[in-house]
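Q: Pasting in a structure now, in structure tokens, and then I'll have a few things to ask.
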Amino acid sequence: MKNLSIKAYLLLTGIILVFNSCKHVVDGINVDPNRPTAAPYTLILNGAEVASFLTYEGNLARVAGIFSRSFTGADRQYVSLQNYNSSSVDYNDTWDNLYSTVIAQHKIVISEAEAVNDKATVGIAQVLTAQGFGLAADLWGDVPFAQVGDPDKYPTPAFDAQTDVYKGIQGLLDSAIDNLSSGVGNGPGTKDIFYGGDVDKWLQVAYTLKARYYLHVKDYANAITNALKGIDDAGNNMLDPHGSSYLIDFNVYYSFLTYDRPGYMNAEGAIAPAYLDATSDTYKGNSKTNETARFEYYYQTGLNTGGLDPNVLVDFDWGVPTEDNGFFGASTSFPLVTFEENKLILAESYVKGSNNLQSALDALNAHREYLNTGGSINTGYLADGYEYDNYTLADFNAGGIANPGSLSQGNALLTEILKEKYVTLIGQIEQFNDVRRTKNFLKIPPTTGSSLPQRFLYPQDEINTNPNTPALAAGDLFKTTTVNSTPY
């Protein structure tokens, strides 16, 4: 990356995101970083939060969803992605948005808020910076970290080892927790679009992110310690808010699937919907689990293609009742860090870290109890059927309802936890991280060849401008990153 002057990337609230139509990465959102302007740091925070939508639910998420088999590339370049034909140019704009817009601007906020001792805002921006660096390390492995943010001294920043980046992220989050706990500073108030400056909720996000990244490096004990302090109620979930205005506040998936590139991507033949479809041979339901409502909330047939599609239904465009808005609908909030993920991190870590099956089951059942209230599914789908009764350990004995084969009790429970997390994270990049981290424990079949992709390629712009960029060939899409090369 060109470590450009951070002043060149200041954005105001209500960022207007416009790139030319051939750049599918940013379809539906409009960013113009070429008009720098000075602004109060709370407005910079607001703009950086809005810009992050593009990072977490834009092209990176779509590609990750194809690679982990939640979606299917159905037309044009998305057919190539479906067949794992990807090149460095595919990642230019998404890398640039992540580093030059999201990370750089949050670093500005940290600097300016520190200057006036607004520790609350510093802590929020540190959480968001850590989240951005975490995504980079997850997808690319070795990435710039320590030298990012000082363009005069480091115009072409070094790439830090992936393991060192994760350590640095944990340090950032520790500092964020200290700042958020200090009681010092006015905070950003309503300029914070996620929590309105509520430091208690941000503290829970920080701990859940710590648990997530400890899980990524297979440090299960620390994952448990932090998840126990993480998001404890779905009402505290970190969600991207969305609305009904194209190029302003649409859910990015909706904009791409319905307005910008209809037909490019569906879910025909994908694995995630098959886990939720009661007519499928791989349906994960049983006498205690009815996935009908969740399946219909995420997927519908014949919306933008002739096959199974992500559910983009929304009242103002499709004429459906508001309660029938789909998960990928224009105004549906998009999950980033959640109670559901936090509980499933706990469940997996208890199995893998100490074989504490009862504690793992308790965490899984806490998640299922939330689903059994209807969870986040829009109410229009609930009448079609949902049920998530508590499991017992006996259900995972060989021949039990959650272990129809002959797996050991522990492996059967782990399989259920990972399947549940896989479908819970539909549309989220973390699903792709889990598939690779667990050595494809669920045996998700590739669309071609013998292996699922293991990483994203470094962008061509970075290769051209930063001599420190590691060399990767097109075939290295299947080269595991350092943390994912270790046994699961």
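Letters A, B, ... go to the chains of the structure tokens in the order shown; residues in each chain start at 1; ligands are counted from 1 in the same order.
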Mind checking which residues fall within 10 Å of Tyr488 in chain A, counting only C-alpha atoms, ignoring those fewer than 4 positions away in the same chain, and posting them as a list in words?
A: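 The filter keeps Lys218, Lys352, Arg436, Arg437, Thr438, Lys439, Asn440, Phe441 and Asn484 of chain A.
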Q: Using DSSP secondary structure from the backbone, list all alpha helix (DSSP H) positions within range 60-249 of chain A, as a ChimeraX atom specification.
A: /A:60-67,77-82,92-96,104-115,119-140,162-181,199-216,220-227
Q: Skip Asp160 in chain A itself and residues of its chain fewer than 6 positions away, then list as a PyMOL selection string all residues within 7 Å of it, counting only C-alpha atoms.
A: chain A and resi 142-145
Q: When you count only C-alpha atoms, which of these residues is closest to Thr101 in chain A: A:Ile44, A:Ile248, A:Ala227, A:Ile426?
A: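 Using only C-alpha atoms, Thr101 in chain A sits closest to A:Ile44.
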Q: Distance table requested - range 113-225 of chain A against range 236-239 of chain A, cut-off 8 Å, only C-alpha atoms: one row per qualifying residue with the closest atom pair and its distance in Å to one decimal, ordered by chain and rising residue number, as a tab-separated table.
A:
residue	atom	partner	partner_atom	distance
A:Phe194	CA	A:Met238	CA	6.3
A:Tyr195	CA	A:Met238	CA	7.9
A:Lys201	CA	A:Asn236	CA	6.3
A:Val205	CA	A:Met238	CA	7.4
Q: Which one of A:Arg76, A:Ala136, A:Ile124, A:Ser485 sits closest to Ala48 in chain A if you count only C-alpha atoms?
A: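 Ranking A:Arg76, A:Ala136, A:Ile124, A:Ser485 by distance to Ala48 in chain A, first place goes to A:Ile124.
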Q: How many Å separate CA of Asp277 in chain A from CA of Lys419 in chain A?
A: 13.5 Å
Q: Residues of range 76-306 of chain A in strand (DSSP E or B) according to DSSP, as an mmCIF file with N, CA and C atoms, in the first residue's frame?
A:
data_model
loop_
_atom_site.group_PDB
_atom_site.id
_atom_site.type_symbol
_atom_site.label_atom_id
_atom_site.label_comp_id
_atom_site.auth_asym_id
_atom_site.auth_seq_id
_atom_site.Cartn_x
_atom_site.Cartn_y
_atom_site.Cartn_z
ATOM 1 N N VAL A 143 0.796 -8.844 6.872
ATOM 2 C CA VAL A 143 0.260 -7.575 6.373
ATOM 3 C C VAL A 143 0.962 -6.414 7.082
ATOM 4 N N PRO A 144 0.910 -5.205 6.508
ATOM 5 C CA PRO A 144 1.459 -4.036 7.213
ATOM 6 C C PRO A 144 0.710 -3.786 8.520
ATOM 7 N N PHE A 159 5.736 -5.533 5.861
ATOM 8 C CA PHE A 159 4.699 -6.513 6.172
ATOM 9 C C PHE A 159 5.128 -7.285 7.416
ATOM 10 N N ASP A 160 4.308 -7.211 8.453
ATOM 11 C CA ASP A 160 4.597 -7.926 9.694
ATOM 12 C C ASP A 160 4.086 -9.358 9.606
ATOM 13 N N MET A 238 -23.223 -5.775 17.649
ATOM 14 C CA MET A 238 -22.677 -4.725 16.784
ATOM 15 C C MET A 238 -23.201 -4.959 15.374
ATOM 16 N N LEU A 239 -24.034 -4.047 14.898
ATOM 17 C CA LEU A 239 -24.713 -4.206 13.612
ATOM 18 C C LEU A 239 -24.510 -2.967 12.748
ATOM 19 N N ASP A 240 -24.294 -3.191 11.447
ATOM 20 C CA ASP A 240 -24.335 -2.073 10.507
ATOM 21 C C ASP A 240 -25.795 -1.683 10.291
ATOM 22 N N MET A 265 -24.616 -13.379 -8.712
ATOM 23 C CA MET A 265 -24.391 -14.297 -7.600
ATOM 24 C C MET A 265 -25.720 -14.787 -7.057
ATOM 25 N N ASN A 266 -25.827 -16.094 -6.847
ATOM 26 C CA ASN A 266 -26.998 -16.637 -6.165
ATOM 27 C C ASN A 266 -26.517 -17.654 -5.126
ATOM 28 N N ASN A 286 -33.221 -31.874 13.257
ATOM 29 C CA ASN A 286 -33.559 -33.157 13.875
ATOM 30 C C ASN A 286 -34.804 -32.942 14.720
ATOM 31 N N THR A 289 -34.697 -29.666 16.386
ATOM 32 C CA THR A 289 -34.219 -28.523 15.597
ATOM 33 C C THR A 289 -35.019 -28.406 14.311
ATOM 34 N N ASN A 290 -35.711 -27.286 14.145
ATOM 35 C CA ASN A 290 -36.458 -27.002 12.915
ATOM 36 C C ASN A 290 -35.877 -25.733 12.295
ATOM 37 N N TYR A 299 -32.685 -17.387 2.479
ATOM 38 C CA TYR A 299 -32.706 -17.768 1.067
ATOM 39 C C TYR A 299 -34.143 -17.895 0.559
ATOM 40 N N GLN A 300 -34.321 -17.501 -0.716
ATOM 41 C CA GLN A 300 -35.599 -17.653 -1.398
ATOM 42 C C GLN A 300 -35.322 -18.024 -2.854
ATOM 43 N N THR A 301 -36.256 -18.674 -3.485
ATOM 44 C CA THR A 301 -36.084 -19.092 -4.877
ATOM 45 C C THR A 301 -36.653 -18.051 -5.839
#
Q: Would you pick out the contacts of Glu49 in chain A at 8 Å or less, using only C-alpha atoms, so that residues sharing its chain but fewer than 2 positions from it are not included, and give the list as an NGL selection string?
A: :A and (45-47 or 51-53 or 102 or 192-193)
Q: Range 365-437 of chain A near range 446-461 of chain A within 9 Å: what's each residue's closest atom pair and its distance in Å to one decimal, counting only C-alpha atoms, ordered by chain then ascending residue number, as a tab-separated table?
A:
residue	atom	partner	partner_atom	distance
A:Phe432	CA	A:Gln454	CA	8.8
A:Asn433	CA	A:Gln454	CA	8.9
A:Val435	CA	A:Leu452	CA	8.9
A:Arg436	CA	A:Gln454	CA	6.2
Q: Which is closest to Leu43 in chain A among A:Leu357, A:Pro188, A:Asn390, A:Asp200, if we use only C-alpha atoms?
A: A:Pro188
Q: Report, in Å with one decimal, the straight-line distance from CA of Asp384 in chain A to CA of Ala293 in chain A.
A: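 Computed distance, CA of Asp384 in chain A to CA of Ala293 in chain A, equals 5.7 Å.
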Q: List as a list of chain:residue names the protein and nucleic acid residues near Gly183 in chain A, meaning an atom at most 9 Å away when only C-alpha atoms are counted, but skip any in the same chain fewer than 6 places from it.
A: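 With the cut-off at 9 Å, the set is A:Lys119, A:Ala120, A:Val199.
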Q: Please produce an output containing N, CA and C atoms for each residue in the selection, written as an mmCIF file, in the first residue's frame.
A:
data_model
loop_
_atom_site.group_PDB
_atom_site.id
_atom_site.type_symbol
_atom_site.label_atom_id
_atom_site.label_comp_id
_atom_site.auth_asym_id
_atom_site.auth_seq_id
_atom_site.Cartn_x
_atom_site.Cartn_y
_atom_site.Cartn_z
ATOM 1 N N LYS A 119 -10.619 9.710 26.332
ATOM 2 C CA LYS A 119 -10.264 8.285 26.323
ATOM 3 C C LYS A 119 -11.404 7.398 25.841
ATOM 4 N N ALA A 120 -12.629 7.836 26.038
ATOM 5 C CA ALA A 120 -13.764 7.037 25.560
ATOM 6 C C ALA A 120 -13.707 6.892 24.039
ATOM 7 N N VAL A 199 -19.938 3.125 26.262
ATOM 8 C CA VAL A 199 -18.657 2.449 26.465
ATOM 9 C C VAL A 199 -18.828 1.032 27.006
#
Q: Which residue out of A:Ser181, A:Tyr391, A:Asn85, A:Thr121 has the minimum interatomic distance to Gly197 in chain A when only C-alpha atoms are used?
A: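 Going through A:Ser181, A:Tyr391, A:Asn85, A:Thr121 one by one, the smallest distance to Gly197 in chain A is for A:Thr121.
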Q: May I ask which of the residues A:Thr225, A:Thr373, A:Ser331, A:Thr279 is the closest one to Ser245 in chain A, counting only C-alpha atoms?
A: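 That would be A:Ser331, the residue with the smallest distance to Ser245 in chain A.
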Q: Can you measure CA of Asn372 in chain A to CA of Gly285 in chain A for me? One decimal in Å is fine.
A: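 CA of Gly285 in chain A lies at a distance of 13.6 Å from CA of Asn372 in chain A.
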